[in-house]
$ cat model_29.txt   # compact mmCIF, C-alpha atoms
# COMPACT_ATOMS: atom_id res chain seq x y z
CA MET A 844 0.76 11.94 7.02
CA THR A 845 0.94 10.84 10.62
CA SER A 846 4.28 10.30 12.29
CA THR A 847 5.49 9.18 15.68
CA VAL A 848 9.19 8.88 15.02
CA PRO A 849 11.34 8.59 18.16
CA ALA A 850 14.77 10.17 17.76
CA SER A 851 16.28 6.80 18.69
CA LEU A 852 14.89 5.27 15.51
CA ILE A 853 16.60 7.82 13.30
CA ARG A 854 19.85 7.48 15.23
CA THR A 855 19.68 3.72 14.80
CA ALA A 856 19.41 4.17 11.04
CA GLU A 857 22.40 6.51 10.78
CA GLY A 858 25.49 4.79 9.51
CA ALA A 859 23.54 1.75 8.36
CA ALA A 860 23.13 0.89 4.69
CA LEU A 861 19.40 0.33 5.19
CA GLN A 862 17.81 3.46 6.67
CA ALA A 863 14.10 2.64 6.45
CA VAL A 864 11.54 0.18 5.14
CA PHE A 865 8.27 1.23 3.48
CA LEU A 866 5.35 -1.13 2.91
CA ASP A 867 2.29 -0.76 0.73
CA MET A 868 -0.97 -1.83 2.38
CA ASP A 869 -3.62 -3.48 0.16
CA GLY A 870 -2.31 -6.70 -1.36
CA THR A 871 1.13 -6.28 0.21
CA LEU A 872 0.57 -6.13 3.97
CA VAL A 873 -3.08 -7.20 4.09
CA ASP A 874 -5.03 -9.47 1.78
CA THR A 875 -7.63 -6.86 0.83
CA GLU A 876 -7.22 -6.21 -2.91
CA GLY A 877 -10.23 -8.45 -3.52
CA PHE A 878 -12.22 -6.49 -0.92
CA TRP A 879 -12.01 -3.37 -3.08
CA TRP A 880 -13.43 -5.22 -6.08
CA GLU A 881 -16.22 -6.63 -3.92
CA ALA A 882 -17.00 -3.10 -2.74
CA GLU A 883 -17.02 -1.76 -6.30
CA VAL A 884 -19.30 -4.56 -7.53
CA ALA A 885 -21.73 -4.00 -4.64
CA VAL A 886 -21.84 -0.21 -4.98
CA PHE A 887 -22.43 -0.31 -8.73
CA ALA A 888 -25.09 -3.01 -8.28
CA ASP A 889 -26.91 -0.58 -5.97
CA LEU A 890 -26.63 2.00 -8.74
CA GLY A 891 -28.09 -0.46 -11.25
CA TYR A 892 -24.93 -1.52 -13.06
CA ARG A 893 -23.16 -4.86 -13.40
CA LEU A 894 -19.36 -4.69 -13.52
CA ASP A 895 -17.54 -6.81 -16.07
CA GLU A 896 -15.01 -9.16 -14.45
CA ALA A 897 -12.49 -8.06 -17.10
CA TRP A 898 -12.41 -4.59 -15.53
CA LYS A 899 -11.01 -6.04 -12.32
CA ASP A 900 -7.45 -6.18 -13.66
CA VAL A 901 -7.71 -2.51 -14.63
CA VAL A 902 -8.92 -1.14 -11.30
CA VAL A 903 -7.36 -3.42 -8.67
CA GLY A 904 -4.13 -2.01 -7.33
CA GLY A 905 -4.70 1.49 -8.62
CA PRO A 906 -5.37 4.69 -6.69
CA MET A 907 -9.00 5.37 -5.76
CA THR A 908 -9.42 8.32 -8.13
CA ARG A 909 -8.18 6.38 -11.15
CA SER A 910 -10.16 3.21 -10.39
CA ALA A 911 -13.39 4.98 -9.54
CA GLY A 912 -13.07 7.32 -12.51
CA TYR A 913 -12.54 4.41 -14.85
CA LEU A 914 -15.66 2.62 -13.59
CA ILE A 915 -17.77 5.75 -13.99
CA ASP A 916 -16.53 6.08 -17.58
CA VAL A 917 -17.11 2.47 -18.62
CA THR A 918 -20.53 2.15 -16.98
CA GLY A 919 -21.79 5.64 -17.72
CA ALA A 920 -23.11 5.82 -14.15
CA ASP A 921 -24.69 9.14 -13.20
CA ILE A 922 -22.52 9.81 -10.16
CA THR A 923 -19.65 12.15 -9.44
CA LEU A 924 -16.19 10.97 -8.45
CA PRO A 925 -16.42 12.46 -4.91
CA GLU A 926 -19.83 10.80 -4.38
CA LEU A 927 -18.56 7.42 -5.58
CA THR A 928 -15.43 7.68 -3.45
CA VAL A 929 -17.54 8.07 -0.31
CA LEU A 930 -19.72 5.07 -1.21
CA LEU A 931 -16.71 2.87 -1.97
CA ASN A 932 -14.91 3.80 1.25
CA ASP A 933 -18.10 3.16 3.25
CA ARG A 934 -18.59 -0.28 1.70
CA PHE A 935 -14.90 -1.18 2.10
CA GLU A 936 -15.00 -0.20 5.79
CA GLU A 937 -18.00 -2.46 6.30
CA ARG A 938 -15.99 -5.34 4.81
CA ILE A 939 -12.78 -4.82 6.79
CA ASP A 940 -14.76 -4.50 10.03
CA ARG A 941 -15.37 -8.24 9.65
CA GLY A 942 -11.61 -8.90 9.78
CA VAL A 943 -8.43 -8.00 7.93
CA PRO A 944 -6.23 -10.98 7.00
CA LEU A 945 -2.48 -10.37 6.92
CA MET A 946 -0.52 -11.61 3.93
CA PRO A 947 1.66 -14.68 4.59
CA GLY A 948 4.90 -13.64 6.29
CA ALA A 949 3.69 -10.12 7.13
CA ALA A 950 3.37 -10.57 10.90
CA ARG A 951 6.85 -12.10 11.21
CA LEU A 952 8.46 -9.38 9.08
CA LEU A 953 6.79 -6.56 11.03
CA ALA A 954 7.87 -8.10 14.32
CA GLU A 955 11.47 -8.44 13.11
CA LEU A 956 11.64 -4.83 11.89
CA MET A 957 10.27 -3.62 15.22
CA ALA A 958 12.64 -5.78 17.24
CA HIS A 959 15.62 -4.29 15.39
CA GLU A 960 14.23 -0.74 15.56
CA ILE A 961 14.19 -0.32 11.79
CA PRO A 962 12.18 2.81 10.89
CA THR A 963 9.10 1.44 9.14
CA ALA A 964 6.36 3.31 7.29
CA LEU A 965 3.07 2.33 5.70
CA VAL A 966 2.65 4.10 2.35
CA SER A 967 -0.73 3.56 0.73
CA ALA A 968 -2.93 5.02 -2.00
CA SER A 969 -5.89 4.33 0.29
CA HIS A 970 -7.41 7.24 2.18
CA ARG A 971 -6.55 8.07 5.79
CA ARG A 972 -9.89 6.81 7.11
CA ILE A 973 -9.22 3.41 5.54
CA ILE A 974 -5.59 3.18 6.67
CA ASP A 975 -6.50 3.95 10.26
CA ARG A 976 -9.32 1.40 10.23
CA VAL A 977 -7.01 -1.31 8.87
CA LEU A 978 -4.33 -0.45 11.44
CA ASP A 979 -6.91 -0.74 14.21
CA SER A 980 -6.83 -4.43 13.29
CA VAL A 981 -3.19 -4.88 12.29
CA GLY A 982 -1.67 -2.67 14.99
CA HIS A 983 -0.66 0.98 14.73
CA HIS A 984 2.47 0.28 16.77
CA HIS A 985 4.16 -1.45 13.83
CA PHE A 986 4.56 1.86 11.99
CA SER A 987 6.07 5.08 13.25
CA LEU A 988 4.95 6.89 10.08
CA THR A 989 2.02 6.44 7.69
CA VAL A 990 1.28 8.21 4.39
CA ALA A 991 -2.25 8.13 2.93
CA GLY A 992 -3.29 8.72 -0.66
CA ASP A 993 -5.48 11.69 0.25
CA GLU A 994 -2.61 13.40 2.09
CA VAL A 995 -0.36 13.90 -0.94
CA SER A 996 -1.00 16.04 -3.99
CA ARG A 997 -0.01 13.21 -6.37
CA THR A 998 -0.42 9.59 -5.37
CA LYS A 999 1.12 6.44 -6.88
CA PRO A 1000 2.52 5.95 -9.52
CA HIS A 1001 3.98 9.39 -8.78
CA PRO A 1002 6.99 9.21 -6.41
CA GLU A 1003 5.59 11.79 -3.98
CA PRO A 1004 4.25 9.27 -1.42
CA TYR A 1005 7.61 7.56 -1.05
CA LEU A 1006 9.58 10.81 -1.12
CA THR A 1007 7.26 12.04 1.64
CA ALA A 1008 7.96 8.94 3.72
CA ALA A 1009 11.72 9.22 3.25
CA SER A 1010 11.62 12.90 4.19
CA GLY A 1011 9.59 12.07 7.29
CA PHE A 1012 12.38 9.79 8.49
CA GLY A 1013 15.18 12.06 7.32
CA ALA A 1014 16.33 9.14 5.18
CA ALA A 1015 17.87 9.03 1.71
CA PRO A 1016 15.48 7.31 -0.75
CA GLU A 1017 18.35 5.29 -2.22
CA ARG A 1018 18.92 3.77 1.23
CA CYS A 1019 15.28 2.75 1.70
CA ALA A 1020 13.62 -0.54 0.77
CA VAL A 1021 10.04 -0.59 -0.50
CA ILE A 1022 7.74 -3.62 -0.60
CA GLU A 1023 4.95 -3.40 -3.19
CA ASP A 1024 2.53 -5.74 -4.94
CA THR A 1025 1.50 -3.84 -8.09
CA ALA A 1026 3.20 -2.21 -11.06
CA THR A 1027 1.70 1.12 -10.00
CA GLY A 1028 3.36 0.95 -6.58
CA VAL A 1029 6.63 -0.33 -7.98
CA ALA A 1030 6.73 2.58 -10.43
CA ALA A 1031 6.22 5.07 -7.59
CA ALA A 1032 8.96 3.55 -5.46
CA GLU A 1033 11.47 3.35 -8.28
CA ALA A 1034 10.72 6.89 -9.41
CA ALA A 1035 11.51 7.98 -5.85
CA GLY A 1036 14.88 6.25 -6.11
CA CYS A 1037 14.17 3.45 -3.62
CA TRP A 1038 15.10 -0.22 -3.82
CA VAL A 1039 12.08 -2.42 -4.43
CA VAL A 1040 10.87 -5.86 -3.42
CA ALA A 1041 7.89 -6.76 -5.62
CA VAL A 1042 5.41 -9.35 -4.32
CA PRO A 1043 2.92 -9.54 -7.23
CA SER A 1044 -0.71 -9.94 -6.16
CA VAL A 1045 -2.74 -9.16 -9.29
CA ALA A 1046 -0.50 -9.18 -12.35
CA PRO A 1047 3.07 -10.41 -12.94
CA ILE A 1048 5.96 -8.02 -12.30
CA ALA A 1049 9.28 -8.66 -14.03
CA PRO A 1050 12.64 -8.37 -12.24
CA ALA A 1051 14.69 -5.29 -13.11
CA SER A 1052 17.71 -3.34 -11.97
CA GLY A 1053 17.18 -2.31 -8.34
CA ARG A 1054 14.14 -4.60 -8.06
CA VAL A 1055 13.74 -8.14 -6.75
CA VAL A 1056 10.56 -10.17 -7.32
CA VAL A 1057 9.51 -12.75 -4.72
CA GLY A 1058 6.56 -15.08 -4.31
CA SER A 1059 5.50 -13.92 -0.86
CA LEU A 1060 6.66 -12.00 2.21
CA GLU A 1061 7.73 -15.33 3.67
CA GLU A 1062 10.85 -14.93 1.50
CA VAL A 1063 11.65 -11.50 2.95
CA ASP A 1064 13.45 -10.73 6.22
CA LEU A 1065 15.72 -7.98 7.52
CA ALA A 1066 18.86 -9.61 6.15
CA PHE A 1067 17.19 -9.83 2.73
CA LEU A 1068 16.30 -6.12 2.78
CA ARG A 1069 19.76 -5.09 3.93
CA GLY A 1070 21.26 -7.18 1.14
CA LEU A 1071 18.98 -5.53 -1.40
CA VAL A 1072 20.09 -2.02 -0.45
CA THR A 1073 23.77 -2.97 -0.44
CA GLY A 1074 23.44 -4.59 -3.85
CA MET A 1075 23.85 -8.19 -2.70
CA HIS A 1076 20.73 -9.47 -4.52

$ encode --input "model_29.txt" --output "structure tokens"
Amino acid sequence: MTSTVPASLIRTAEGAALQAVFLDMDGTLVDTEGFWWEAEVAVFADLGYRLDEAWKDVVVGGPMTRSAGYLIDVTGADITLPELTVLLNDRFEERIDRGVPLMPGAARLLAELMAHEIPTALVSASHRRIIDRVLDSVGHHHFSLTVAGDEVSRTKPHPEPYLTAASGFGAAPERCAVIEDTATGVAAAEAAGCWVVAVPSVAPIAPASGRVVVGSLEEVDLAFLRGLVTGMH
């Protein structure tokens, strides 16, 4: 976890219903979920295997260890999980070096959160090397705290990543809003006790108590997030 949390940010959050906002990265902030599948297809092609398109729905949106492990199992590829992880990260980095597109509404939302000094964290199952490379493009200054999948003992769908982020801000999870695009991420946020905005990217996500489902980040602003945490949605 990396954190640059000015004391003024925490003071700003005190006394407010909304204490912090946490965003997932792939498929939520940046339009890169498809990049991971492209990387997986390319790496396994180099290994002599063709991935079935049907496997895409299984691996996209999941943590690296689960996705990579699944592909090793279904292909029978003679490669270890650590070896495959390195190859996938290398290929993904090559892809994002050509540009990282933001999801619709992401730039406006990040600018609004920064303008109002809302403590904002990026919480991703991706590894630190990938997060930092993406933020080189998106802008590190948008986040005063980031949590990577290889910096926690249990990644999503376990609540640890979001509990770690809340702890880093000194915030109560039940006064934090999380924006996620997959069922795995939503499960992690809800298990942590946070309020959730789901912006489905791969598979549908149904509304539920403490969870609002929207079509894109263009529907989300600071007032929306404050209303979520105070139970107005």

$ closest_residue --input "model_29.txt" --among "A:Val1045, A:Ala949, A:Val995, A:Leu861" --to "Thr1025 in chain A" --atoms "only C-alpha atoms"
A:Val1045

$ residues_around --input "model_29.txt" --residues "Leu872 in chain A" --least-positions-apart "5" --cutoff "8 Å" --atoms "only C-alpha atoms" --output "list of chain:residue names"
A:Leu866, A:Asp867, A:Leu945, A:Met946, A:Ala949

$ atom_distance --input "model_29.txt" --atom1 "CA of Ala1020 in chain A" --atom2 "CA of Val1056 in chain A"
12.9 Å

$ closest_residue --input "model_29.txt" --among "A:Ala1049, A:Ala1015, A:Val977, A:Ala1030" --to "Val1072 in chain A" --atoms "all atoms listed in the file"
A:Ala1015

$ residues_around --input "model_29.txt" --residues "Ala860 in chain A" --least-positions-apart "4" --cutoff "12 Å" --atoms "all atoms listed in the file" --output "NGL selection string"
:A and (855-856 or 864 or 961 or 1014-1020 or 1038 or 1065-1066 or 1068-1075)

$ closest_residue --input "model_29.txt" --among "A:Pro962, A:Gly982, A:Gly948, A:Pro1043" --to "Glu876 in chain A" --atoms "all atoms listed in the file"
A:Pro1043

$ atom_distance --input "model_29.txt" --atom1 "CA of Ser1044 in chain A" --atom2 "CA of Gly870 in chain A"
6.0 Å

$ residues_around --input "model_29.txt" --residues "range 882-887 of chain A" --least-positions-apart "6" --cutoff "12 Å" --atoms "all atoms listed in the file" --output "tab-separated table (two decimals) with C-alpha atoms, in the coordinates of the input"
chain	number	residue	atom	x	y	z
A	875	THR	CA	-7.63	-6.86	0.83
A	876	GLU	CA	-7.22	-6.21	-2.91
A	893	ARG	CA	-23.16	-4.86	-13.40
A	894	LEU	CA	-19.36	-4.69	-13.52
A	895	ASP	CA	-17.54	-6.81	-16.07
A	896	GLU	CA	-15.01	-9.16	-14.45
A	898	TRP	CA	-12.41	-4.59	-15.53
A	899	LYS	CA	-11.01	-6.04	-12.32
A	902	VAL	CA	-8.92	-1.14	-11.30
A	903	VAL	CA	-7.36	-3.42	-8.67
A	907	MET	CA	-9.00	5.37	-5.76
A	910	SER	CA	-10.16	3.21	-10.39
A	911	ALA	CA	-13.39	4.98	-9.54
A	912	GLY	CA	-13.07	7.32	-12.51
A	913	TYR	CA	-12.54	4.41	-14.85
A	914	LEU	CA	-15.66	2.62	-13.59
A	915	ILE	CA	-17.77	5.75	-13.99
A	917	VAL	CA	-17.11	2.47	-18.62
A	918	THR	CA	-20.53	2.15	-16.98
A	919	GLY	CA	-21.79	5.64	-17.72
A	920	ALA	CA	-23.11	5.82	-14.15
A	921	ASP	CA	-24.69	9.14	-13.20
A	922	ILE	CA	-22.52	9.81	-10.16
A	926	GLU	CA	-19.83	10.80	-4.38
A	927	LEU	CA	-18.56	7.42	-5.58
A	928	THR	CA	-15.43	7.68	-3.45
A	929	VAL	CA	-17.54	8.07	-0.31
A	930	LEU	CA	-19.72	5.07	-1.21
A	931	LEU	CA	-16.71	2.87	-1.97
A	932	ASN	CA	-14.91	3.80	1.25
A	933	ASP	CA	-18.10	3.16	3.25
A	934	ARG	CA	-18.59	-0.28	1.70
A	935	PHE	CA	-14.90	-1.18	2.10
A	936	GLU	CA	-15.00	-0.20	5.79
A	937	GLU	CA	-18.00	-2.46	6.30
A	938	ARG	CA	-15.99	-5.34	4.81
A	939	ILE	CA	-12.78	-4.82	6.79

$ atom_distance --input "model_29.txt" --atom1 "CA of Pro906 in chain A" --atom2 "CA of His1001 in chain A"
10.7 Å

$ residues_around --input "model_29.txt" --residues "Ala1034 in chain A" --least-positions-apart "4" --cutoff "12 Å" --atoms "all atoms listed in the file" --output "ChimeraX atom specification"
/A:999-1006,1016-1017,1021,1026-1030,1038-1039,1053

$ write_last_selection --input "model_29.txt" --atoms "C-alpha atoms" --output "compact mmCIF listing (two decimals), keeping the file's coordinate frame"
# COMPACT_ATOMS: atom_id res chain seq x y z
CA LYS A 999 1.12 6.44 -6.88
CA PRO A 1000 2.52 5.95 -9.52
CA HIS A 1001 3.98 9.39 -8.78
CA PRO A 1002 6.99 9.21 -6.41
CA GLU A 1003 5.59 11.79 -3.98
CA PRO A 1004 4.25 9.27 -1.42
CA TYR A 1005 7.61 7.56 -1.05
CA LEU A 1006 9.58 10.81 -1.12
CA PRO A 1016 15.48 7.31 -0.75
CA GLU A 1017 18.35 5.29 -2.22
CA VAL A 1021 10.04 -0.59 -0.50
CA ALA A 1026 3.20 -2.21 -11.06
CA THR A 1027 1.70 1.12 -10.00
CA GLY A 1028 3.36 0.95 -6.58
CA VAL A 1029 6.63 -0.33 -7.98
CA ALA A 1030 6.73 2.58 -10.43
CA TRP A 1038 15.10 -0.22 -3.82
CA VAL A 1039 12.08 -2.42 -4.43
CA GLY A 1053 17.18 -2.31 -8.34

$ closest_residue --input "model_29.txt" --among "A:Met868, A:Leu952, A:Val1042, A:Ala863" --to "Arg971 in chain A" --atoms "all atoms listed in the file"
A:Met868

$ residues_around --input "model_29.txt" --residues "Val981 in chain A" --least-positions-apart "5" --cutoff "12 Å" --atoms "all atoms listed in the file" --output "PyMOL selection string"
chain A and resi 868+872-874+939-940+942-946+949-950+953-954+965+974-976+986

$ closest_residue --input "model_29.txt" --among "A:Glu1023, A:Ala888, A:Ile973, A:Met844" --to "Thr1007 in chain A" --atoms "all atoms listed in the file"
A:Met844

$ closest_residue --input "model_29.txt" --among "A:Leu956, A:Leu978, A:Ala1041, A:Ile1022" --to "Gly1058 in chain A" --atoms "all atoms listed in the file"
A:Ala1041

$ decode --input "model_29.txt" --residues "range 982-1007 of chain A" --atoms "N, CA, C and O atoms" --output "mmCIF file, in the first residue's frame"
data_model
loop_
_atom_site.group_PDB
_atom_site.id
_atom_site.type_symbol
_atom_site.label_atom_id
_atom_site.label_comp_id
_atom_site.auth_asym_id
_atom_site.auth_seq_id
_atom_site.Cartn_x
_atom_site.Cartn_y
_atom_site.Cartn_z
ATOM 1 N N GLY A 982 -2.645 9.575 -13.751
ATOM 2 C CA GLY A 982 -2.271 10.642 -12.829
ATOM 3 C C GLY A 982 -2.291 10.168 -11.392
ATOM 4 O O GLY A 982 -3.369 9.911 -10.834
ATOM 5 N N HIS A 983 -1.114 10.043 -10.794
ATOM 6 C CA HIS A 983 -1.010 9.599 -9.397
ATOM 7 C C HIS A 983 -1.684 10.580 -8.445
ATOM 8 O O HIS A 983 -2.127 10.198 -7.353
ATOM 9 N N HIS A 984 -1.751 11.848 -8.830
ATOM 10 C CA HIS A 984 -2.243 12.887 -7.927
ATOM 11 C C HIS A 984 -3.727 12.737 -7.591
ATOM 12 O O HIS A 984 -4.199 13.340 -6.628
ATOM 13 N N HIS A 985 -4.439 11.919 -8.336
ATOM 14 C CA HIS A 985 -5.866 11.738 -8.059
ATOM 15 C C HIS A 985 -6.107 10.897 -6.804
ATOM 16 O O HIS A 985 -7.212 10.928 -6.253
ATOM 17 N N PHE A 986 -5.104 10.159 -6.382
ATOM 18 C CA PHE A 986 -5.278 9.232 -5.255
ATOM 19 C C PHE A 986 -4.224 9.480 -4.181
ATOM 20 O O PHE A 986 -3.039 9.470 -4.473
ATOM 21 N N SER A 987 -4.683 9.662 -2.960
ATOM 22 C CA SER A 987 -3.738 9.826 -1.860
ATOM 23 C C SER A 987 -3.421 8.494 -1.200
ATOM 24 O O SER A 987 -2.590 8.424 -0.289
ATOM 25 N N LEU A 988 -4.047 7.412 -1.667
ATOM 26 C CA LEU A 988 -3.755 6.073 -1.150
ATOM 27 C C LEU A 988 -4.079 5.067 -2.243
ATOM 28 O O LEU A 988 -5.074 5.211 -2.953
ATOM 29 N N THR A 989 -3.227 4.060 -2.407
ATOM 30 C CA THR A 989 -3.492 2.979 -3.355
ATOM 31 C C THR A 989 -3.186 1.642 -2.690
ATOM 32 O O THR A 989 -2.222 1.522 -1.931
ATOM 33 N N VAL A 990 -4.015 0.648 -2.973
ATOM 34 C CA VAL A 990 -3.843 -0.702 -2.418
ATOM 35 C C VAL A 990 -3.783 -1.683 -3.582
ATOM 36 O O VAL A 990 -4.713 -1.752 -4.396
ATOM 37 N N ALA A 991 -2.687 -2.439 -3.670
ATOM 38 C CA ALA A 991 -2.488 -3.403 -4.756
ATOM 39 C C ALA A 991 -2.778 -4.827 -4.282
ATOM 40 O O ALA A 991 -2.667 -5.141 -3.097
ATOM 41 N N GLY A 992 -3.113 -5.677 -5.236
ATOM 42 C CA GLY A 992 -3.464 -7.054 -4.907
ATOM 43 C C GLY A 992 -2.333 -7.861 -4.311
ATOM 44 O O GLY A 992 -2.575 -8.806 -3.556
ATOM 45 N N ASP A 993 -1.083 -7.496 -4.661
ATOM 46 C CA ASP A 993 0.054 -8.242 -4.114
ATOM 47 C C ASP A 993 0.584 -7.618 -2.828
ATOM 48 O O ASP A 993 1.647 -8.011 -2.347
ATOM 49 N N GLU A 994 -0.180 -6.680 -2.257
ATOM 50 C CA GLU A 994 0.223 -6.064 -0.991
ATOM 51 C C GLU A 994 -0.689 -6.468 0.168
ATOM 52 O O GLU A 994 -0.498 -6.008 1.287
ATOM 53 N N VAL A 995 -1.670 -7.308 -0.106
ATOM 54 C CA VAL A 995 -2.558 -7.812 0.934
ATOM 55 C C VAL A 995 -2.448 -9.325 0.962
ATOM 56 O O VAL A 995 -2.098 -9.949 -0.035
ATOM 57 N N SER A 996 -2.757 -9.914 2.099
ATOM 58 C CA SER A 996 -2.632 -11.373 2.204
ATOM 59 C C SER A 996 -3.792 -12.077 1.512
ATOM 60 O O SER A 996 -3.653 -13.204 1.034
ATOM 61 N N ARG A 997 -4.947 -11.412 1.442
ATOM 62 C CA ARG A 997 -6.128 -11.975 0.773
ATOM 63 C C ARG A 997 -6.755 -10.870 -0.072
ATOM 64 O O ARG A 997 -7.178 -9.844 0.457
ATOM 65 N N THR A 998 -6.814 -11.085 -1.367
ATOM 66 C CA THR A 998 -7.351 -10.073 -2.260
ATOM 67 C C THR A 998 -8.848 -10.298 -2.482
ATOM 68 O O THR A 998 -9.459 -11.200 -1.903
ATOM 69 N N LYS A 999 -9.460 -9.480 -3.308
ATOM 70 C CA LYS A 999 -10.890 -9.594 -3.597
ATOM 71 C C LYS A 999 -11.227 -11.007 -4.084
ATOM 72 O O LYS A 999 -10.427 -11.591 -4.805
ATOM 73 N N PRO A 1000 -12.319 -11.608 -3.657
ATOM 74 C CA PRO A 1000 -13.487 -11.038 -2.983
ATOM 75 C C PRO A 1000 -13.392 -10.920 -1.467
ATOM 76 O O PRO A 1000 -14.391 -10.612 -0.825
ATOM 77 N N HIS A 1001 -12.230 -11.173 -0.878
ATOM 78 C CA HIS A 1001 -12.075 -10.977 0.556
ATOM 79 C C HIS A 1001 -12.121 -9.474 0.855
ATOM 80 O O HIS A 1001 -11.659 -8.660 0.052
ATOM 81 N N PRO A 1002 -12.640 -9.079 2.005
ATOM 82 C CA PRO A 1002 -12.753 -7.653 2.331
ATOM 83 C C PRO A 1002 -11.447 -6.958 2.681
ATOM 84 O O PRO A 1002 -11.423 -5.719 2.793
ATOM 85 N N GLU A 1003 -10.359 -7.703 2.844
ATOM 86 C CA GLU A 1003 -9.112 -7.096 3.311
ATOM 87 C C GLU A 1003 -8.675 -5.865 2.520
ATOM 88 O O GLU A 1003 -8.262 -4.867 3.123
ATOM 89 N N PRO A 1004 -8.736 -5.865 1.181
ATOM 90 C CA PRO A 1004 -8.282 -4.668 0.462
ATOM 91 C C PRO A 1004 -9.040 -3.405 0.859
ATOM 92 O O PRO A 1004 -8.433 -2.335 1.037
ATOM 93 N N TYR A 1005 -10.350 -3.517 1.015
ATOM 94 C CA TYR A 1005 -11.134 -2.333 1.367
ATOM 95 C C TYR A 1005 -11.016 -1.980 2.842
ATOM 96 O O TYR A 1005 -11.043 -0.797 3.212
ATOM 97 N N LEU A 1006 -10.844 -2.962 3.690
ATOM 98 C CA LEU A 1006 -10.589 -2.672 5.104
ATOM 99 C C LEU A 1006 -9.232 -1.988 5.257
ATOM 100 O O LEU A 1006 -9.064 -1.091 6.089
ATOM 101 N N THR A 1007 -8.267 -2.393 4.439
ATOM 102 C CA THR A 1007 -6.944 -1.771 4.452
ATOM 103 C C THR A 1007 -7.035 -0.310 4.035
ATOM 104 O O THR A 1007 -6.418 0.576 4.640
#
